[in-house]
>>> print(open('run.tsv').read())   # TSV, C-alpha atoms
chain	number	residue	atom	x	y	z
A	1	MET	CA	18.50	44.25	31.70
A	2	SER	CA	18.82	44.33	27.90
A	3	ILE	CA	17.70	41.72	25.39
A	4	VAL	CA	21.32	40.62	24.91
A	5	ASP	CA	21.78	40.36	28.68
A	6	ARG	CA	18.71	38.12	28.91
A	7	ILE	CA	19.98	35.95	26.07
A	8	ARG	CA	23.30	35.53	27.86
A	9	THR	CA	21.44	34.60	31.05
A	10	VAL	CA	19.64	31.84	29.12
A	11	GLU	CA	23.00	30.66	27.77
A	12	GLN	CA	24.36	30.41	31.33
A	13	GLU	CA	21.26	28.57	32.54
A	14	MET	CA	21.40	26.03	29.72
A	15	SER	CA	25.15	25.51	30.13
A	16	ALA	CA	24.48	24.77	33.80
A	17	LEU	CA	21.70	22.35	32.86
A	18	LEU	CA	24.02	20.57	30.43
A	19	ALA	CA	26.61	20.27	33.20
A	20	GLU	CA	23.99	18.66	35.43
A	21	GLY	CA	23.35	16.05	32.76
A	22	MET	CA	27.08	15.26	32.63
A	23	ARG	CA	27.30	14.50	36.35
A	24	PRO	CA	28.36	10.87	36.99
A	25	GLU	CA	25.19	10.09	38.96
A	26	VAL	CA	23.15	11.01	35.87
A	27	LYS	CA	25.39	10.01	32.97
A	28	GLU	CA	26.69	6.66	34.26
A	29	PRO	CA	23.36	4.87	34.94
A	30	LEU	CA	21.99	6.00	31.58
A	31	GLU	CA	25.11	4.79	29.79
A	32	LYS	CA	24.94	1.44	31.62
A	33	LEU	CA	21.32	1.04	30.55
A	34	ARG	CA	22.16	1.89	26.95
A	35	LYS	CA	25.03	-0.59	26.83
A	36	ALA	CA	22.97	-3.33	28.50
A	37	ALA	CA	20.18	-2.85	25.96
A	38	GLU	CA	22.73	-2.86	23.14
A	39	ALA	CA	24.18	-6.15	24.42
A	40	VAL	CA	20.76	-7.80	24.60
A	41	GLY	CA	19.94	-6.41	21.16
A	42	LYS	CA	22.65	-8.62	19.67
A	43	ALA	CA	20.44	-11.62	20.49
A	44	TRP	CA	17.34	-10.12	18.85
A	45	SER	CA	15.52	-11.64	15.89
A	46	GLY	CA	15.58	-8.35	13.99
A	47	SER	CA	11.81	-8.35	13.45
A	48	TRP	CA	9.17	-5.83	14.60
A	49	LEU	CA	6.29	-8.07	13.57
A	50	GLY	CA	4.00	-9.34	16.34
A	51	TYR	CA	5.49	-11.99	18.61
A	52	GLN	CA	8.63	-12.06	16.45
A	53	ALA	CA	9.64	-8.71	17.96
A	54	ASN	CA	10.32	-10.45	21.25
A	55	VAL	CA	12.10	-13.48	19.85
A	56	TYR	CA	15.72	-13.66	21.00
A	57	TYR	CA	18.44	-16.26	20.91
A	58	ARG	CA	18.34	-18.54	23.96
A	59	GLN	CA	20.03	-17.13	27.09
A	60	LEU	CA	19.98	-13.75	25.32
A	61	ASP	CA	23.38	-14.52	23.81
A	62	ALA	CA	24.47	-13.34	20.38
A	63	PRO	CA	23.59	-16.13	17.90
A	64	PRO	CA	26.54	-18.25	16.73
A	65	PRO	CA	27.53	-18.52	13.06
A	66	GLY	CA	24.87	-20.40	11.12
A	67	ALA	CA	22.00	-19.41	13.40
A	68	ASN	CA	19.55	-17.21	11.53
A	69	PHE	CA	16.03	-16.03	12.22
A	70	SER	CA	13.58	-16.15	9.34
A	71	ARG	CA	11.07	-13.31	9.40
A	72	GLU	CA	9.22	-15.07	6.60
A	73	TRP	CA	8.55	-18.20	8.67
A	74	GLY	CA	9.19	-17.04	12.24
A	75	LEU	CA	9.07	-19.95	14.67
A	76	MET	CA	6.76	-21.93	12.38
A	77	GLY	CA	9.39	-23.75	10.40
A	78	GLY	CA	8.91	-24.01	6.69
A	79	TYR	CA	10.13	-27.06	4.90
A	80	GLY	CA	13.78	-26.34	5.47
A	81	SER	CA	13.36	-22.61	4.95
A	82	GLY	CA	12.60	-21.58	8.54
A	83	SER	CA	14.73	-20.22	11.34
A	84	THR	CA	17.88	-22.08	12.31
A	85	GLY	CA	19.36	-22.14	15.79
A	86	ASP	CA	17.86	-21.92	19.26
A	87	TRP	CA	15.43	-18.99	19.02
A	88	VAL	CA	12.80	-18.49	21.72
A	89	GLN	CA	9.93	-16.12	22.32
A	90	CYS	CA	10.45	-14.01	25.47
A	91	ARG	CA	8.11	-11.94	27.58
A	92	SER	CA	8.76	-8.24	27.07
A	93	ASP	CA	8.82	-7.68	30.85
A	94	ASP	CA	11.47	-10.37	31.24
A	95	ILE	CA	13.65	-8.63	28.65
A	96	LEU	CA	13.29	-5.32	30.46
A	97	ASP	CA	14.06	-6.92	33.82
A	98	HIS	CA	17.17	-8.62	32.44
A	99	ILE	CA	18.47	-5.35	30.98
A	100	TYR	CA	17.93	-3.46	34.23
A	101	GLU	CA	19.68	-6.28	36.09
A	102	LEU	CA	22.68	-6.03	33.74
A	103	ALA	CA	22.77	-2.26	34.29
A	104	GLY	CA	22.83	-2.60	38.08
A	105	ARG	CA	19.17	-1.66	38.56
A	106	PRO	CA	19.41	2.15	38.34
A	107	ASP	CA	16.61	4.18	39.93
A	108	ARG	CA	14.48	4.75	36.83
A	109	ASP	CA	11.86	6.81	38.67
A	110	ALA	CA	14.49	9.22	40.02
A	111	LEU	CA	15.98	9.58	36.53
A	112	MET	CA	12.52	10.26	35.09
A	113	VAL	CA	11.85	12.99	37.66
A	114	LEU	CA	15.22	14.56	36.89
A	115	ALA	CA	14.59	14.43	33.14
A	116	ASP	CA	11.08	15.88	33.52
A	117	GLU	CA	12.40	18.82	35.51
A	118	ALA	CA	15.26	19.32	33.05
A	119	GLY	CA	12.76	19.20	30.19
A	120	GLU	CA	10.63	21.91	31.80
A	121	ARG	CA	13.68	24.12	32.21
A	122	ALA	CA	14.79	23.55	28.62
A	123	MET	CA	11.33	24.32	27.20
A	124	ASP	CA	11.07	27.46	29.36
A	125	ALA	CA	14.45	28.57	27.99
A	126	LYS	CA	13.33	27.81	24.44
A	127	ALA	CA	10.22	29.96	24.90
A	128	SER	CA	12.34	32.80	26.31
A	129	LEU	CA	14.79	32.65	23.40
A	130	ILE	CA	11.96	32.63	20.85
A	131	SER	CA	10.51	35.75	22.47
A	132	LEU	CA	13.91	37.47	22.65
A	133	THR	CA	14.81	36.54	19.07
A	134	THR	CA	11.46	37.89	17.87
A	135	ALA	CA	12.24	41.14	19.69
A	136	LEU	CA	15.63	41.36	17.94
A	137	LEU	CA	13.96	40.78	14.58
A	138	ARG	CA	11.86	43.90	15.11
A	139	ALA	CA	15.12	45.85	15.02
A	140	ALA	CA	16.57	43.83	12.13
A	141	PRO	CA	13.58	42.30	10.27
A	142	ASN	CA	15.59	41.06	7.29
A	143	ASP	CA	18.49	39.51	9.19
A	144	GLU	CA	18.94	35.96	7.90
A	145	VAL	CA	21.01	34.81	10.89
A	146	LEU	CA	18.25	35.72	13.34
A	147	LYS	CA	15.62	34.14	11.08
A	148	GLY	CA	17.69	30.97	10.91
A	149	SER	CA	18.11	30.91	14.69
A	150	LEU	CA	14.36	31.30	15.15
A	151	GLY	CA	13.79	28.37	12.80
A	152	GLU	CA	16.24	26.22	14.75
A	153	LEU	CA	14.56	27.15	18.04
A	154	ASN	CA	11.15	26.17	16.74
A	155	GLY	CA	12.59	22.84	15.62
A	156	LEU	CA	13.82	21.89	19.10
A	157	ILE	CA	11.30	19.50	20.64
A	158	LEU	CA	11.19	16.87	23.36
A	159	MET	CA	9.91	13.49	22.23
A	160	ASP	CA	8.40	10.85	24.48
A	161	VAL	CA	9.20	7.13	24.30
A	162	SER	CA	6.32	6.37	21.93
A	163	ASP	CA	7.48	9.14	19.57
A	164	VAL	CA	11.01	7.72	19.49
A	165	ILE	CA	9.79	4.18	18.88
A	166	LYS	CA	7.49	5.37	16.11
A	167	ALA	CA	10.41	7.17	14.45
A	168	TRP	CA	12.54	4.01	14.63
A	169	ALA	CA	9.86	1.59	13.41
A	170	PRO	CA	10.47	0.11	9.94
A	171	ARG	CA	8.22	1.15	7.08
A	172	GLY	CA	7.18	-0.65	3.96
A	173	GLN	CA	5.59	-3.96	3.10
A	174	VAL	CA	6.53	-7.12	5.00
A	175	ILE	CA	6.44	-10.43	3.15
A	176	THR	CA	5.86	-13.37	5.48
A	177	HIS	CA	4.00	-16.66	5.83
A	178	ASP	CA	3.76	-16.17	9.59
A	179	THR	CA	0.05	-15.34	9.82
A	180	LEU	CA	0.11	-15.19	13.63
A	181	ALA	CA	2.79	-12.49	13.62
A	182	VAL	CA	0.95	-10.58	10.88
A	183	SER	CA	-2.28	-10.64	12.87
A	184	GLN	CA	-0.52	-9.09	15.87
A	185	GLY	CA	0.77	-6.05	13.97
A	186	MET	CA	3.96	-4.09	14.53
A	187	THR	CA	5.48	-4.31	18.01
A	188	ALA	CA	8.54	-2.63	19.52
A	189	PRO	CA	11.08	-5.17	20.83
A	190	GLY	CA	11.80	-5.05	24.56
A	191	HIS	CA	15.43	-3.94	24.34
A	192	LEU	CA	14.58	-1.04	22.03
A	193	ARG	CA	12.01	0.19	24.54
A	194	VAL	CA	14.89	0.60	26.99
A	195	THR	CA	17.08	2.25	24.36
A	196	ALA	CA	14.24	4.68	23.57
A	197	THR	CA	13.83	5.42	27.28
A	198	THR	CA	17.51	6.29	27.68
A	199	ALA	CA	17.29	8.52	24.61
A	200	VAL	CA	14.32	10.36	26.12
A	201	LEU	CA	16.07	10.73	29.48
A	202	ASN	CA	19.15	12.19	27.78
A	203	GLN	CA	17.13	14.43	25.48
A	204	PRO	CA	16.63	17.50	27.73
A	205	PHE	CA	20.37	17.83	28.19
A	206	ALA	CA	20.98	17.56	24.44
A	207	VAL	CA	18.37	20.27	23.87
A	208	ALA	CA	20.04	22.39	26.57
A	209	LYS	CA	23.33	22.09	24.67
A	210	GLU	CA	21.69	23.36	21.48
A	211	LEU	CA	19.94	26.19	23.33
A	212	ALA	CA	23.21	27.30	24.92
A	213	ARG	CA	24.89	27.27	21.49
A	214	LEU	CA	22.09	29.25	19.86
A	215	ALA	CA	21.98	31.77	22.71
A	216	LYS	CA	25.74	32.31	22.55
A	217	ASN	CA	25.68	32.85	18.80
A	218	MET	CA	22.66	35.17	18.95
A	219	ALA	CA	24.19	37.34	21.67
A	220	ARG	CA	27.40	37.70	19.64
A	221	HIS	CA	25.46	38.48	16.47
A	222	ALA	CA	23.26	41.07	18.20
A	223	ASP	CA	26.38	42.72	19.62
A	224	ALA	CA	27.89	42.84	16.14
A	225	LEU	CA	24.72	44.44	14.76
A	226	GLY	CA	24.53	46.87	17.66
A	227	ILE	CA	20.97	45.88	18.59
A	228	GLY	CA	19.35	44.62	21.77
A	229	THR	CA	21.75	46.37	24.12
A	230	GLU	CA	19.32	48.93	25.57
A	231	PRO	CA	17.54	48.07	28.86
A	232	MET	CA	14.18	46.42	28.17
A	233	LYS	CA	11.02	48.21	29.20
A	234	GLN	CA	8.46	46.35	31.30
A	235	THR	CA	5.58	45.94	28.86
A	236	THR	CA	3.57	43.27	30.63
A	237	GLN	CA	2.24	42.83	34.11
A	238	PRO	CA	3.97	40.25	36.34
A	239	SER	CA	2.16	36.91	36.04
A	240	HIS	CA	4.19	34.26	37.90
A	241	ILE	CA	3.01	32.55	41.08
A	242	PHE	CA	6.09	32.32	43.29
A	243	ILE	CA	6.38	29.31	45.63
A	244	GLY	CA	8.79	29.64	48.55
A	245	HIS	CA	9.68	26.34	50.22
A	246	GLY	CA	12.16	24.36	52.28
A	247	ARG	CA	13.38	20.80	51.68
A	248	SER	CA	9.98	19.13	52.06
A	249	PRO	CA	8.68	17.92	48.67
A	250	LEU	CA	5.12	19.08	49.45
A	251	TRP	CA	5.64	22.24	47.40
A	252	ARG	CA	5.81	20.13	44.24
A	253	GLU	CA	2.18	19.12	44.74
A	254	LEU	CA	1.27	22.81	44.91
A	255	LYS	CA	3.36	23.57	41.81
A	256	ASP	CA	1.66	20.79	39.83
A	257	TYR	CA	-1.78	21.97	40.96
A	258	ILE	CA	-1.11	25.59	39.98
A	259	GLN	CA	0.42	24.57	36.66
A	260	ASP	CA	-1.77	21.64	35.57
A	261	GLN	CA	-5.14	22.42	37.15
A	262	LEU	CA	-5.21	26.21	37.39
A	263	ARG	CA	-3.13	26.79	34.24
A	264	LEU	CA	-0.98	29.47	35.86
A	265	GLN	CA	2.82	29.80	35.74
A	266	PRO	CA	4.50	28.69	38.99
A	267	ASP	CA	8.00	29.84	39.85
A	268	GLU	CA	10.48	28.98	42.61
A	269	PHE	CA	14.04	29.85	43.48
A	270	ASN	CA	15.67	26.64	42.21
A	271	ARG	CA	13.64	26.32	39.00
A	272	VAL	CA	16.67	27.34	36.98
A	273	SER	CA	20.35	27.40	37.77
A	274	ALA	CA	21.89	30.83	37.27
A	275	PRO	CA	25.68	30.70	37.73
A	276	GLY	CA	27.20	34.11	38.26
A	277	VAL	CA	23.91	35.59	39.48
A	278	THR	CA	23.81	36.43	43.18
A	279	THR	CA	21.03	35.16	45.43
A	280	LEU	CA	19.82	38.72	45.94
A	281	ASP	CA	19.72	39.43	42.19
A	282	ARG	CA	17.89	36.17	41.57
A	283	LEU	CA	15.29	36.98	44.24
A	284	LYS	CA	14.87	40.48	42.83
A	285	GLN	CA	14.21	39.04	39.38
A	286	MET	CA	11.64	36.63	40.81
A	287	MET	CA	9.92	39.40	42.76
A	288	ASP	CA	9.74	41.46	39.55
A	289	ASP	CA	8.07	38.52	37.78
A	290	ALA	CA	5.69	37.57	40.60
A	291	ALA	CA	2.02	38.54	40.72
A	292	PHE	CA	1.44	36.42	43.83
A	293	ALA	CA	3.46	34.33	46.29
A	294	PHE	CA	2.70	31.24	48.36
A	295	LEU	CA	5.30	30.65	51.09
A	296	VAL	CA	5.14	27.01	52.19
A	297	MET	CA	6.31	26.70	55.79
A	298	THR	CA	6.90	23.06	56.75
A	299	ALA	CA	8.20	21.71	60.06
A	300	GLU	CA	11.85	20.90	59.30
A	301	ASP	CA	14.45	22.51	61.59
A	302	GLU	CA	14.33	21.36	65.22
A	303	MET	CA	14.74	24.06	67.88
A	304	SER	CA	16.26	23.71	71.35
A	305	ASP	CA	12.82	23.17	72.93
A	306	GLY	CA	12.04	20.28	70.58
A	307	ASN	CA	9.58	22.20	68.42
A	308	LYS	CA	10.17	22.45	64.69
A	309	GLN	CA	10.32	25.56	62.57
A	310	ALA	CA	10.47	26.30	58.87
A	311	ARG	CA	13.73	26.73	57.00
A	312	MET	CA	15.15	30.22	57.42
A	313	ASN	CA	15.22	30.84	53.67
A	314	VAL	CA	11.40	30.60	53.64
A	315	VAL	CA	11.10	33.02	56.56
A	316	HIS	CA	13.35	35.44	54.65
A	317	GLU	CA	11.22	35.06	51.51
A	318	VAL	CA	8.05	35.75	53.54
A	319	GLY	CA	9.42	39.16	54.50
A	320	LEU	CA	10.64	39.97	50.99
A	321	PHE	CA	7.46	39.03	49.15
A	322	GLN	CA	5.04	40.46	51.71
A	323	GLY	CA	7.05	43.67	51.53
A	324	ARG	CA	6.86	43.71	47.72
A	325	LEU	CA	3.36	42.32	47.08
A	326	GLY	CA	1.53	43.12	50.30
A	327	PHE	CA	-0.07	40.76	52.81
A	328	THR	CA	-3.02	39.85	50.56
A	329	ARG	CA	-0.77	38.65	47.72
A	330	ALA	CA	1.94	36.89	49.73
A	331	ILE	CA	0.23	34.13	51.68
A	332	VAL	CA	1.90	31.78	54.15
A	333	LEU	CA	0.85	28.12	53.89
A	334	LEU	CA	1.61	26.82	57.40
A	335	GLU	CA	1.92	23.08	58.05
A	336	GLU	CA	0.47	21.68	61.27
A	337	GLY	CA	3.32	21.24	63.76
A	338	CYS	CA	5.44	24.05	62.31
A	339	GLU	CA	6.27	26.77	64.83
A	340	GLU	CA	4.90	30.20	63.98
A	341	PHE	CA	7.29	33.13	63.86
A	342	SER	CA	6.18	36.23	65.71
A	343	ASN	CA	6.53	38.38	62.62
A	344	ILE	CA	3.98	36.31	60.68
A	345	ASN	CA	1.53	35.81	63.53
A	346	GLY	CA	-1.86	37.07	62.44
A	347	LEU	CA	-0.75	37.81	58.87
A	348	GLY	CA	-2.27	36.22	55.77
A	349	GLN	CA	-1.89	32.49	56.18
A	350	ILE	CA	-3.64	29.22	55.41
A	351	ARG	CA	-2.99	26.23	57.65
A	352	PHE	CA	-2.89	22.65	56.37
A	353	PRO	CA	-2.70	19.19	58.03
A	354	LYS	CA	0.76	17.67	58.38
A	355	GLY	CA	1.90	16.24	55.05
A	356	LYS	CA	-1.42	17.04	53.32
A	357	ILE	CA	-1.04	20.29	51.44
A	358	ALA	CA	-3.63	19.16	48.87
A	359	ALA	CA	-6.29	19.59	51.58
A	360	ILE	CA	-6.15	23.38	51.08
A	361	PHE	CA	-6.00	23.54	47.29
A	362	HIS	CA	-9.59	24.83	47.21
A	363	GLU	CA	-8.47	27.69	49.49
A	364	VAL	CA	-5.51	28.39	47.19
A	365	GLU	CA	-7.87	28.67	44.23
A	366	LYS	CA	-10.28	30.96	46.14
A	367	VAL	CA	-7.44	33.34	47.04
A	368	LEU	CA	-6.24	33.55	43.43
A	369	VAL	CA	-9.81	34.21	42.25
A	370	ARG	CA	-10.17	36.91	44.90
A	371	GLU	CA	-7.01	38.65	43.68
A	372	GLY	CA	-8.17	38.59	40.06
A	373	LEU	CA	-5.50	36.16	38.87
A	374	LEU	CA	-7.99	33.42	38.11
A	375	THR	CA	-11.59	33.22	36.91
A	376	ALA	CA	-13.95	31.28	39.17
A	377	ARG	CA	-14.65	27.82	37.77
>>> encode(input="run.tsv", output="C-alpha cells")
Amino acid sequence: MSIVDRIRTVEQEMSALLAEGMRPEVKEPLEKLRKAAEAVGKAWSGSWLGYQANVYYRQLDAPPPGANFSREWGLMGGYGSGSTGDWVQCRSDDILDHIYELAGRPDRDALMVLADEAGERAMDAKASLISLTTALLRAAPNDEVLKGSLGELNGLILMDVSDVIKAWAPRGQVITHDTLAVSQGMTAPGHLRVTATTAVLNQPFAVAKELARLAKNMARHADALGIGTEPMKQTTQPSHIFIGHGRSPLWRELKDYIQDQLRLQPDEFNRVSAPGVTTLDRLKQMMDDAAFAFLVMTAEDEMSDGNKQARMNVVHEVGLFQGRLGFTRAIVLLEEGCEEFSNINGLGQIRFPKGKIAAIFHEVEKVLVREGLLTAR
C-alpha cells in the first residue's frame, strides 16, 4: 500500500465517522440538548460573577420588557439602581436537571462513551495523517501545500468541557458593588455547562470532517506531484496488541488496561470503520500491525446441549492470529462457563472467572513481559 493509498484510507475512515455522528440517534439528542440550553439561557442574568452566574428569571422564562438584571448590584438592590423584575438564584444542579427534562432526558453516559470512542478514532487518524504528510514532505520538502496541511493537522485538537468554558469566559475588569459575588469569583452558568457539553460531544465528528477534507486534498495534491504512489516499505516492527472479542463488553476493560496502565497500543477489528475494505483485507492489515494478540472468548452463543460457546468470529481470529504469530504470541483468554473448542484445547490460554477479566490482568502483564513487549515493573 502506498502513502497515497493510506491517506485515502484515512479519508474513508473519517468520512464514515462523520456519517456516524449524523445518525439521528446521535444528532437528535444533542440538538435537543443544545436547544433546551439555549431556551433556558434566555432567562439568564448574563453574569459570570459568583452567585450571579446562576441567577435566572423566575420559572426560567425570558424576562419581560422592563425586567433587567444589574451586575453592579446583583440581588442586593441599590437605592433604585438595582435589578428590576423577578430574578432568583437557582441551584446549578436544578438548572441542569431542567434542561435535561426539556430535552427528553437523553442518555448522557451513552453519548459520552460514543464521543470518547469517536475522539480516539479521530486522534489516531490525525496521528496517521501527520506521519504520512511528513513522509510526503521528504519527497517535496519545499511544498507549501503540504506544509500548510501539516500545520492544519497540528492545530486540530479535542477540548474538554473545562477548556470550552474557559474559552467562553469573559475577560477584563468587572465593576460591581456586589461584594458577595466578587468574593466567589468567576463561575460558569448552568445552562452554558450543558452547551459546552454538547459542543464537546459534537467535536470528534467536526474534527473527523476536517480530517477527511485534509486527507482528500492531500491525496489529490500528491497525485498531481507524482509522489507517494510507490508501495511503502515496512520500516518498523509491528507493535499493536490485537484484541479479538465477541459482543461482551469485557474486552473494553482489557483495552483500557493495556492502553492506560501498560502504555501499549491496543487494536481491535471495529476500532475504525473502513468502507470499501473487505473483512479479509482488514484482518490482514491488523495481522501485519500486530505484535501480540489476546483472543477473548466469552460465553455468548447457546448450543443445542445448553452450553455456551464464544462467537464464531473470535474462533476464526484465534486460528488466524495463532497461525501468524504462533501460540506464544496469540493467547486465548477463556471465560469460565465458555465451551472450549477442540482446536484450542491445550493451546496457550488464560482462564478467568465469569465476568471478571480484570482478575487476570497480572497474567496478561507477565505474558507481555515474557515476550519482550513490556519491561517488568
>>> residues_around(input="run.tsv", residues="Lys147 in chain A", least_positions_apart="6", cutoff="12 Å", atoms="all atoms listed in the file", output="list in words")
Ile130, Thr133, Thr134, Ala135, Leu136, Leu137, Arg138, Ala140, Pro141, Leu153, Asn154, Leu214 and Met218 of chain A
>>> closest_residue(input="run.tsv", among="A:Ile227, A:Asp160, A:Asp289, A:Ile243", to="Ala199 in chain A", atoms="only C-alpha atoms")
A:Asp160
>>> closest_residue(input="run.tsv", among="A:Ala212, A:Gln173, A:Glu317, A:Met186", to="Thr9 in chain A", atoms="all atoms listed in the file")
A:Ala212
>>> residues_around(input="run.tsv", residues="Gly185 in chain A", least_positions_apart="2", cutoff="12 Å", atoms="only C-alpha atoms", output="PyMOL selection string")
chain A and resi 47-53+169+174+178-183+187-188
>>> write_last_selection(input="run.tsv", atoms="C-alpha atoms", output="PDB file, keeping the file's coordinate frame")
ATOM      1  CA  SER A  47      11.810  -8.350  13.450  1.00  0.00           C
ATOM      2  CA  TRP A  48       9.170  -5.830  14.600  1.00  0.00           C
ATOM      3  CA  LEU A  49       6.290  -8.070  13.570  1.00  0.00           C
ATOM      4  CA  GLY A  50       4.000  -9.340  16.340  1.00  0.00           C
ATOM      5  CA  TYR A  51       5.490 -11.990  18.610  1.00  0.00           C
ATOM      6  CA  GLN A  52       8.630 -12.060  16.450  1.00  0.00           C
ATOM      7  CA  ALA A  53       9.640  -8.710  17.960  1.00  0.00           C
ATOM      8  CA  ALA A 169       9.860   1.590  13.410  1.00  0.00           C
ATOM      9  CA  VAL A 174       6.530  -7.120   5.000  1.00  0.00           C
ATOM     10  CA  ASP A 178       3.760 -16.170   9.590  1.00  0.00           C
ATOM     11  CA  THR A 179       0.050 -15.340   9.820  1.00  0.00           C
ATOM     12  CA  LEU A 180       0.110 -15.190  13.630  1.00  0.00           C
ATOM     13  CA  ALA A 181       2.790 -12.490  13.620  1.00  0.00           C
ATOM     14  CA  VAL A 182       0.950 -10.580  10.880  1.00  0.00           C
ATOM     15  CA  SER A 183      -2.280 -10.640  12.870  1.00  0.00           C
ATOM     16  CA  THR A 187       5.480  -4.310  18.010  1.00  0.00           C
ATOM     17  CA  ALA A 188       8.540  -2.630  19.520  1.00  0.00           C
TER      18      ALA A 188
END
>>> residues_near_point(input="run.tsv", point="(22.8, 41.8, 26.0)", cutoff="12 Å", atoms="only C-alpha atoms", output="PyMOL selection string")
chain A and resi 1-11+132-133+136+215-232
